[in-house]
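To keep things clear, I will list the structure first and then write my remarks on it.
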Amino acid sequence: MRIAYVVSDLTFPPQEGLHEQTLLTAQLIGGTDRTVDIYGFVRRPEMLDLSAMEKATGLRFAAPPIPSRLPNLLLGLQNSLQPSRNASALLDKLKHYDVIHLENLAACGLVRAHSAARTVAGVIDPGSLRWQRMKASATTLRGRASATAQQALHTRLENRIAQPGVTIHVVSEPDALYLTSRVRRTDVVAIPVALALESGAPLSSVPSKCEVIVFIDLRREHLRQSFLWAAKTVLPALVQKGGGDISIKVLGRIAADPELFAATAALPLSFVPYVDDLAGALQRAALVLVPDRTGTGLKNRVIQAMALGCPVAGTSVAFEGIPATDGAEAIIEEDGARLATRSAALLRDERARLAVGRAGAEFAVARYGRQANAQRWHQVYDRIAGRTLAPSTGGPE
């Protein structure tokens with residue numbers, strides 16, 4: 001079986017969790033009788049070290065990636081409506097493959113009716129739903145107008161992707177149910193992200209300085225608002241009730257600005273845009289907090305932290321599509337005050353903290369381990385290849 005895997009953007013070393021997952025999926029879908037050729041687009045060619053990527057992962061592009069500065073959504077719309085000369089040439093190459101896997105929105109714009117039956121369109125999480133939620137939570141006219149426009153653009157692209165026969169991939173069951181109700185002509189499959197970090201044993205005891213890690217991408221306005229909510233309703237009570245010498249580290253992908261400093265001035269808190277050793281940072285932490293209130297998709301960092309044995313607390317949105325057992329494998333709480341109280345109680349109780357960490361790790365590894373993920377993908381590809389024949393057994397010219 002010959003698989004064309006088309007990426008929407010990539011950096012190496014990976015600068016985004018999505019890029020990390022893109023590479024991991026490319027590694028997992030190959031195997032005996034499964035040849036994977038990588039094509040695609042890149043926004044920042046200077047951030048993509050192709051030789052280092054091949055040395056570290058064994059992956060390489062079958063053709064030079066196509067540079068484009070357009071954001072993912074706009075490039076997807078362009079590829080759908082009027083692709084560039086390079087993108088058109090890529091479409092010609094894709095005719096020779098048994099399965100065409102288009103990863104994320106820019107690549108998904110290359111869905112075509114004549115090849116839809118052998119195409120996987122990796123929407124990942126539906127932007128139309130995400131922006132619908134953001135519109136509902138917007139507090140200003142400008143915010144609602146922006147969310148309405150974004151929702152309309154995502155809806156248009158998703159409708160164009162949903163060609164009869166195409167297989168749409170999302171990472172969570174709730175997102176699959178949403179798309180199935182909206183685009184009835186297609187198959188929608190939910191395959192979760194795979195664990196990028198190797199699982200490890202939980203810490204044997206609470207560190208003397210009790211460190212709480214907050215995962216939140218502060219570059220994104222809806223997540224920034226979620227963090228500001230947590231800074232007001234969750235973090236002060238957590239520090240007050242947690243006991244011990246608590247410190248909070250916000251892994252937010254950007255340095256703090258005046259608004260963030262003002263919101264957290266009274267807290268023992270630091271902002272860290274990037275860490276070299278994420279696994280080490282997680283294993284040194286006593287708790288990971290994910291206060292997402294409006295996002296969609298499966299939260300990659302939630303399952304990564306769980307797999308490493310670090311207890312995770314968050315909102316129901318943070319755990320959407322992750323069927324962890326509240327109180328046993330994680331703390332899942334919508335109310336800010338209760339989220340703080342329950343998290344603080346866990347920090348004070350070493351035995352309970354270790355028990356939640358162990359149970360969460362067992363859950364995450366069993367459900368999101370690499371072998372289980374690869375098997376899910378192979379089943380999808382086998383189904384697609386079984387119902388279609390590639391137009392050629394040879395590779396692209």
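In the structure tokens, chains take letters A, B, ... by order of appearance, with residues numbered from 1 within each chain and ligands from 1 in the order shown.
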> Which residues come within 12 Å of Asp33 in chain A, counting only C-alpha atoms, excluding same-chain residues fewer than 5 positions away, as JSON, numbers by chain?
Replying inline: {"A": [1, 2, 3, 98, 378, 381, 382]}
Prev. selection, N, CA and C atoms, output as a short mmCIF file (atom, residue, chain, number, x, y, z; two decimals), in the first residue's frame:
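The file below, again.cif, is the result:
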data_model
loop_
_atom_site.label_atom_id
_atom_site.label_comp_id
_atom_site.auth_asym_id
_atom_site.auth_seq_id
_atom_site.Cartn_x
_atom_site.Cartn_y
_atom_site.Cartn_z
N MET A 1 0.84 -1.19 0.00
CA MET A 1 0.00 0.00 0.00
C MET A 1 0.88 1.24 0.00
N ARG A 2 0.57 2.17 -0.91
CA ARG A 2 1.34 3.40 -1.00
C ARG A 2 0.48 4.55 -0.48
N ILE A 3 1.01 5.26 0.49
CA ILE A 3 0.29 6.33 1.18
C ILE A 3 1.00 7.65 0.94
N ASP A 98 -2.51 4.84 -3.33
CA ASP A 98 -3.67 4.07 -2.87
C ASP A 98 -4.48 4.84 -1.84
N HIS A 378 -4.26 1.86 10.65
CA HIS A 378 -4.16 0.76 9.68
C HIS A 378 -5.53 0.23 9.31
N TYR A 381 -6.99 2.72 6.77
CA TYR A 381 -6.36 2.59 5.46
C TYR A 381 -6.77 1.30 4.76
N ASP A 382 -6.84 0.21 5.51
CA ASP A 382 -7.24 -1.07 4.91
C ASP A 382 -8.65 -0.98 4.35
#
>> Can you pull out every residue from range 25-165 of chain A that DSSP, working from the backbone, puts in strand (DSSP E or B), and format the result as JSON, numbers by chain?
In response: {"A": [31, 34, 35, 36, 37, 38, 39, 40, 41, 42, 48, 61, 66, 67, 99, 100, 101, 102, 103, 119, 120, 121, 122, 123, 124]}
Keeping only C-alpha atoms, take the residues you just selected and write them out as a JSON list (two decimals), in the first residue's frame.
[["chain", "number", "residue", "atom", "x", "y", "z"],
["A", 31, "GLY", "CA", 5.01, -0.44, 8.37],
["A", 34, "ARG", "CA", 2.90, 0.36, 3.83],
["A", 35, "THR", "CA", 5.11, 2.96, 2.15],
["A", 36, "VAL", "CA", 4.64, 6.57, 3.23],
["A", 37, "ASP", "CA", 5.72, 9.50, 1.04],
["A", 38, "ILE", "CA", 5.56, 12.95, 2.65],
["A", 39, "TYR", "CA", 4.54, 16.08, 0.75],
["A", 40, "GLY", "CA", 3.11, 19.39, 1.84],
["A", 41, "PHE", "CA", 3.47, 23.02, 2.77],
["A", 42, "VAL", "CA", 5.63, 25.05, 5.13],
["A", 48, "LEU", "CA", 12.39, 23.27, 9.15],
["A", 61, "PHE", "CA", 9.89, 14.70, 2.00],
["A", 66, "ILE", "CA", 5.83, 24.24, -0.83],
["A", 67, "PRO", "CA", 6.45, 27.55, 0.97],
["A", 99, "VAL", "CA", -4.43, 6.37, 0.08],
["A", 100, "ILE", "CA", -4.12, 10.16, 0.26],
["A", 101, "HIS", "CA", -3.84, 11.47, 3.81],
["A", 102, "LEU", "CA", -4.28, 15.25, 4.03],
["A", 103, "GLU", "CA", -3.22, 16.47, 7.47],
["A", 119, "THR", "CA", -8.73, 10.36, 0.81],
["A", 120, "VAL", "CA", -8.42, 10.94, 4.56],
["A", 121, "ALA", "CA", -9.03, 14.59, 5.40],
["A", 122, "GLY", "CA", -7.46, 15.34, 8.77],
["A", 123, "VAL", "CA", -9.62, 18.22, 10.00],
["A", 124, "ILE", "CA", -8.31, 17.38, 13.53]]
>> Neighbouring residues of Leu218 in chain A were defined as those with any atom within 12 Å, considering only C-alpha atoms; residues of the same chain fewer than 6 positions away were excluded. Please report them as a ChimeraX atom specification.
In response: /A:224-228,250-257,259-260,271-273,291-292
What are the closest atom pairs, with distances in Å to one decimal, for each residue of range 56-127 of chain A lying within 9 Å of range 296-317 of chain A, using only C-alpha atoms, rows by chain and rising residue number, as a tab-separated table?
residue	atom	partner	partner_atom	distance
A:Ile124	CA	A:Gly297	CA	6.9
A:Asp125	CA	A:Gly297	CA	4.7
A:Pro126	CA	A:Thr296	CA	7.4
A:Gly127	CA	A:Thr296	CA	8.0
Export of prior selection with C-alpha atoms as a PDB file, in the first residue's frame:
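Once written, result_17.pdb looks like this:
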ATOM      1  CA  ILE A 124      -8.313  17.380  13.526  1.00  0.00           C
ATOM      2  CA  ASP A 125     -10.929  19.490  15.298  1.00  0.00           C
ATOM      3  CA  PRO A 126     -13.749  21.408  13.584  1.00  0.00           C
ATOM      4  CA  GLY A 127     -13.082  25.122  13.565  1.00  0.00           C
TER       5      GLY A 127
END
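All residues of protein, DNA or RNA that reach within 10 Å of Ile191 in chain A, judged by only C-alpha atoms and not counting those fewer than 4 positions away in the chain, are Ile124, His169, Val170, Val171, Ser172, Glu173, Ala176, Leu298, Tyr368, Ala372, Asn373, Ala374, Arg376, Trp377 and Val380 of chain A.
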Kindly save the residues from that selection, with C-alpha atoms included, as a tab-separated table (two decimals), in the first residue's frame.
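Full text of part.tsv as output:
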chain	number	residue	atom	x	y	z
A	124	ILE	CA	-8.31	17.38	13.53
A	169	HIS	CA	-10.58	12.52	10.70
A	170	VAL	CA	-11.03	14.27	14.03
A	171	VAL	CA	-9.36	13.47	17.34
A	172	SER	CA	-12.36	13.29	19.68
A	173	GLU	CA	-15.71	11.51	19.71
A	176	ALA	CA	-17.03	13.32	15.32
A	298	LEU	CA	-8.57	16.47	22.23
A	368	TYR	CA	-3.45	6.59	23.64
A	372	ALA	CA	-3.20	1.29	19.66
A	373	ASN	CA	-3.03	4.47	17.57
A	374	ALA	CA	-1.20	2.73	14.70
A	376	ARG	CA	-6.61	2.41	14.35
A	377	TRP	CA	-4.95	4.06	11.37
A	380	VAL	CA	-8.89	2.97	8.27
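Counting only C-alpha atoms and comparing A:Tyr5, A:Phe12, A:Tyr97, A:Trp131, the residue that lies closest to Ser51 in chain A is A:Phe12.
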Applying 10 Å and only C-alpha atoms, which residues near range 344-350 of chain A remain after dropping the ones on its own chain fewer than 4 positions away? List them as a CSV table (one decimal) with C-alpha atoms, in the first residue's frame.
chain,number,residue,atom,x,y,z
A,204,SER,CA,7.6,9.1,44.7
A,205,SER,CA,6.7,12.2,46.8
A,206,VAL,CA,5.7,15.8,46.6
A,210,CYS,CA,5.2,22.3,45.3
A,211,GLU,CA,5.1,23.2,41.6
A,212,VAL,CA,1.9,23.5,39.6
A,235,LEU,CA,-5.2,30.2,41.2
A,237,ALA,CA,-7.7,29.9,46.2
A,238,LEU,CA,-5.3,27.1,45.1
A,239,VAL,CA,-2.3,28.9,46.6
A,240,GLN,CA,-4.2,29.8,49.7
A,241,LYS,CA,-5.6,26.3,50.4
A,242,GLY,CA,-2.8,24.1,48.9
A,243,GLY,CA,-0.5,24.3,51.9
A,244,GLY,CA,3.3,24.2,51.5
A,246,ILE,CA,3.5,26.5,46.1
A,286,ALA,CA,3.0,18.1,41.6
A,287,LEU,CA,0.0,19.0,39.5
A,311,PRO,CA,-2.0,14.4,38.2
A,313,ALA,CA,-6.9,18.9,36.9
A,327,GLY,CA,-11.7,11.8,41.1
A,331,ILE,CA,-9.9,16.1,38.6
A,338,ARG,CA,-14.4,23.8,43.4
A,339,LEU,CA,-11.6,23.2,40.9
A,340,ALA,CA,-9.3,25.2,43.2
A,354,LEU,CA,0.2,9.5,43.8
A,355,ALA,CA,-2.9,7.4,43.3
A,356,VAL,CA,-4.4,9.8,40.8
> For Leu289 in chain A, which residue among A:Ala337, A:Val234, A:Glu54, A:Asp326 is the nearest when counting only C-alpha atoms?
Replying inline: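 Of the candidates, the smallest distance to Leu289 in chain A is held by A:Val234.
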Quick check for you: according to DSSP on this backbone, which residues of range 145-362 of chain A are classed as helix (DSSP H, G or I)? Reply as an mmCIF file with C-alpha atoms, in the first residue's frame.
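See out_16.cif below for the written result:
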data_model
loop_
_atom_site.group_PDB
_atom_site.id
_atom_site.type_symbol
_atom_site.label_atom_id
_atom_site.label_comp_id
_atom_site.auth_asym_id
_atom_site.auth_seq_id
_atom_site.Cartn_x
_atom_site.Cartn_y
_atom_site.Cartn_z
ATOM 1 C CA ALA A 145 -18.161 39.819 14.828
ATOM 2 C CA SER A 146 -14.688 38.307 14.561
ATOM 3 C CA ALA A 147 -15.924 34.912 15.766
ATOM 4 C CA THR A 148 -18.864 35.024 13.337
ATOM 5 C CA ALA A 149 -16.526 35.685 10.406
ATOM 6 C CA GLN A 150 -14.140 32.911 11.455
ATOM 7 C CA GLN A 151 -17.018 30.472 11.914
ATOM 8 C CA ALA A 152 -18.296 31.252 8.418
ATOM 9 C CA LEU A 153 -14.873 30.684 6.817
ATOM 10 C CA HIS A 154 -14.323 27.401 8.664
ATOM 11 C CA THR A 155 -17.827 26.231 7.761
ATOM 12 C CA ARG A 156 -17.208 26.983 4.099
ATOM 13 C CA LEU A 157 -13.946 25.040 4.022
ATOM 14 C CA GLU A 158 -15.399 22.113 5.982
ATOM 15 C CA ASN A 159 -18.293 21.930 3.525
ATOM 16 C CA ARG A 160 -15.889 21.846 0.575
ATOM 17 C CA ILE A 161 -13.798 19.153 2.260
ATOM 18 C CA GLU A 173 -15.708 11.513 19.711
ATOM 19 C CA PRO A 174 -17.698 14.703 20.506
ATOM 20 C CA ASP A 175 -16.206 16.393 17.431
ATOM 21 C CA ALA A 176 -17.034 13.324 15.320
ATOM 22 C CA LEU A 177 -20.660 13.450 16.474
ATOM 23 C CA TYR A 178 -20.827 17.169 15.668
ATOM 24 C CA LEU A 179 -19.468 16.739 12.121
ATOM 25 C CA THR A 180 -21.551 13.630 11.455
ATOM 26 C CA SER A 181 -24.678 15.643 12.227
ATOM 27 C CA ARG A 182 -23.556 18.450 9.921
ATOM 28 C CA GLU A 221 -7.469 34.824 22.509
ATOM 29 C CA HIS A 222 -10.029 32.294 23.746
ATOM 30 C CA LEU A 223 -7.349 30.481 25.774
ATOM 31 C CA ARG A 224 -5.996 33.763 27.071
ATOM 32 C CA GLN A 225 -9.474 34.564 28.379
ATOM 33 C CA SER A 226 -9.604 31.113 29.985
ATOM 34 C CA PHE A 227 -6.338 31.824 31.755
ATOM 35 C CA LEU A 228 -7.524 35.235 32.987
ATOM 36 C CA TRP A 229 -10.596 33.489 34.397
ATOM 37 C CA ALA A 230 -8.353 30.979 36.185
ATOM 38 C CA ALA A 231 -6.075 33.756 37.484
ATOM 39 C CA LYS A 232 -9.104 35.318 39.141
ATOM 40 C CA THR A 233 -11.197 32.336 40.274
ATOM 41 C CA LEU A 235 -5.217 30.164 41.234
ATOM 42 C CA PRO A 236 -5.537 32.457 44.303
ATOM 43 C CA ALA A 237 -7.653 29.899 46.171
ATOM 44 C CA LEU A 238 -5.339 27.090 45.074
ATOM 45 C CA VAL A 239 -2.341 28.897 46.556
ATOM 46 C CA GLN A 240 -4.223 29.765 49.738
ATOM 47 C CA LYS A 241 -5.614 26.285 50.364
ATOM 48 C CA GLY A 242 -2.848 24.116 48.918
ATOM 49 C CA PRO A 258 1.261 44.022 31.104
ATOM 50 C CA GLU A 259 -2.248 42.504 31.159
ATOM 51 C CA LEU A 260 -0.949 39.120 32.277
ATOM 52 C CA PHE A 261 1.370 40.650 34.878
ATOM 53 C CA ALA A 262 -1.469 42.722 36.289
ATOM 54 C CA ALA A 263 -3.769 39.705 36.532
ATOM 55 C CA LEU A 278 8.927 18.914 28.738
ATOM 56 C CA ALA A 279 8.927 15.403 30.164
ATOM 57 C CA GLY A 280 11.309 16.449 32.921
ATOM 58 C CA ALA A 281 9.233 19.528 33.733
ATOM 59 C CA LEU A 282 6.081 17.441 34.010
ATOM 60 C CA GLN A 283 7.671 14.790 36.193
ATOM 61 C CA ARG A 284 8.976 17.467 38.566
ATOM 62 C CA ASN A 300 -2.719 16.719 23.637
ATOM 63 C CA ARG A 301 -0.933 18.071 26.694
ATOM 64 C CA VAL A 302 -3.561 16.613 29.015
ATOM 65 C CA ILE A 303 -2.873 13.044 27.945
ATOM 66 C CA GLN A 304 0.895 13.636 27.763
ATOM 67 C CA ALA A 305 0.948 14.782 31.386
ATOM 68 C CA MET A 306 -1.291 11.912 32.472
ATOM 69 C CA ALA A 307 0.931 9.362 30.741
ATOM 70 C CA GLY A 336 -13.618 27.599 39.427
ATOM 71 C CA ALA A 337 -13.899 27.600 43.220
ATOM 72 C CA ARG A 338 -14.438 23.840 43.367
ATOM 73 C CA LEU A 339 -11.618 23.234 40.905
ATOM 74 C CA ALA A 340 -9.300 25.171 43.230
ATOM 75 C CA THR A 341 -10.554 23.399 46.361
ATOM 76 C CA ARG A 342 -10.248 19.899 44.913
ATOM 77 C CA SER A 343 -6.816 20.609 43.399
ATOM 78 C CA ALA A 344 -5.560 22.034 46.698
ATOM 79 C CA ALA A 345 -6.828 18.979 48.566
ATOM 80 C CA LEU A 346 -4.852 16.761 46.199
ATOM 81 C CA LEU A 347 -1.687 18.773 46.799
ATOM 82 C CA ARG A 348 -2.099 18.342 50.550
ATOM 83 C CA GLU A 350 0.442 12.810 49.052
ATOM 84 C CA ARG A 351 -1.180 9.390 48.920
ATOM 85 C CA ALA A 352 -4.163 10.637 46.926
ATOM 86 C CA ARG A 353 -1.920 12.598 44.567
ATOM 87 C CA LEU A 354 0.217 9.546 43.797
ATOM 88 C CA ALA A 355 -2.878 7.360 43.339
ATOM 89 C CA VAL A 356 -4.414 9.765 40.809
ATOM 90 C CA GLY A 357 -1.060 10.010 39.011
ATOM 91 C CA ARG A 358 -0.716 6.233 38.710
ATOM 92 C CA ALA A 359 -4.322 5.699 37.609
ATOM 93 C CA GLY A 360 -4.079 8.516 35.070
ATOM 94 C CA ALA A 361 -0.890 7.059 33.602
ATOM 95 C CA GLU A 362 -2.439 3.605 33.225
#
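CA of Asp9 in chain A to CA of Arg60 in chain A spans 14.0 Å [interatomic distance, one decimal].
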>> Please report the interatomic distance between CA of Ala106 in chain A and CA of Leu75 in chain A in Å with one decimal.
In response: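 Between CA of Ala106 in chain A and CA of Leu75 in chain A the gap works out to 5.0 Å.
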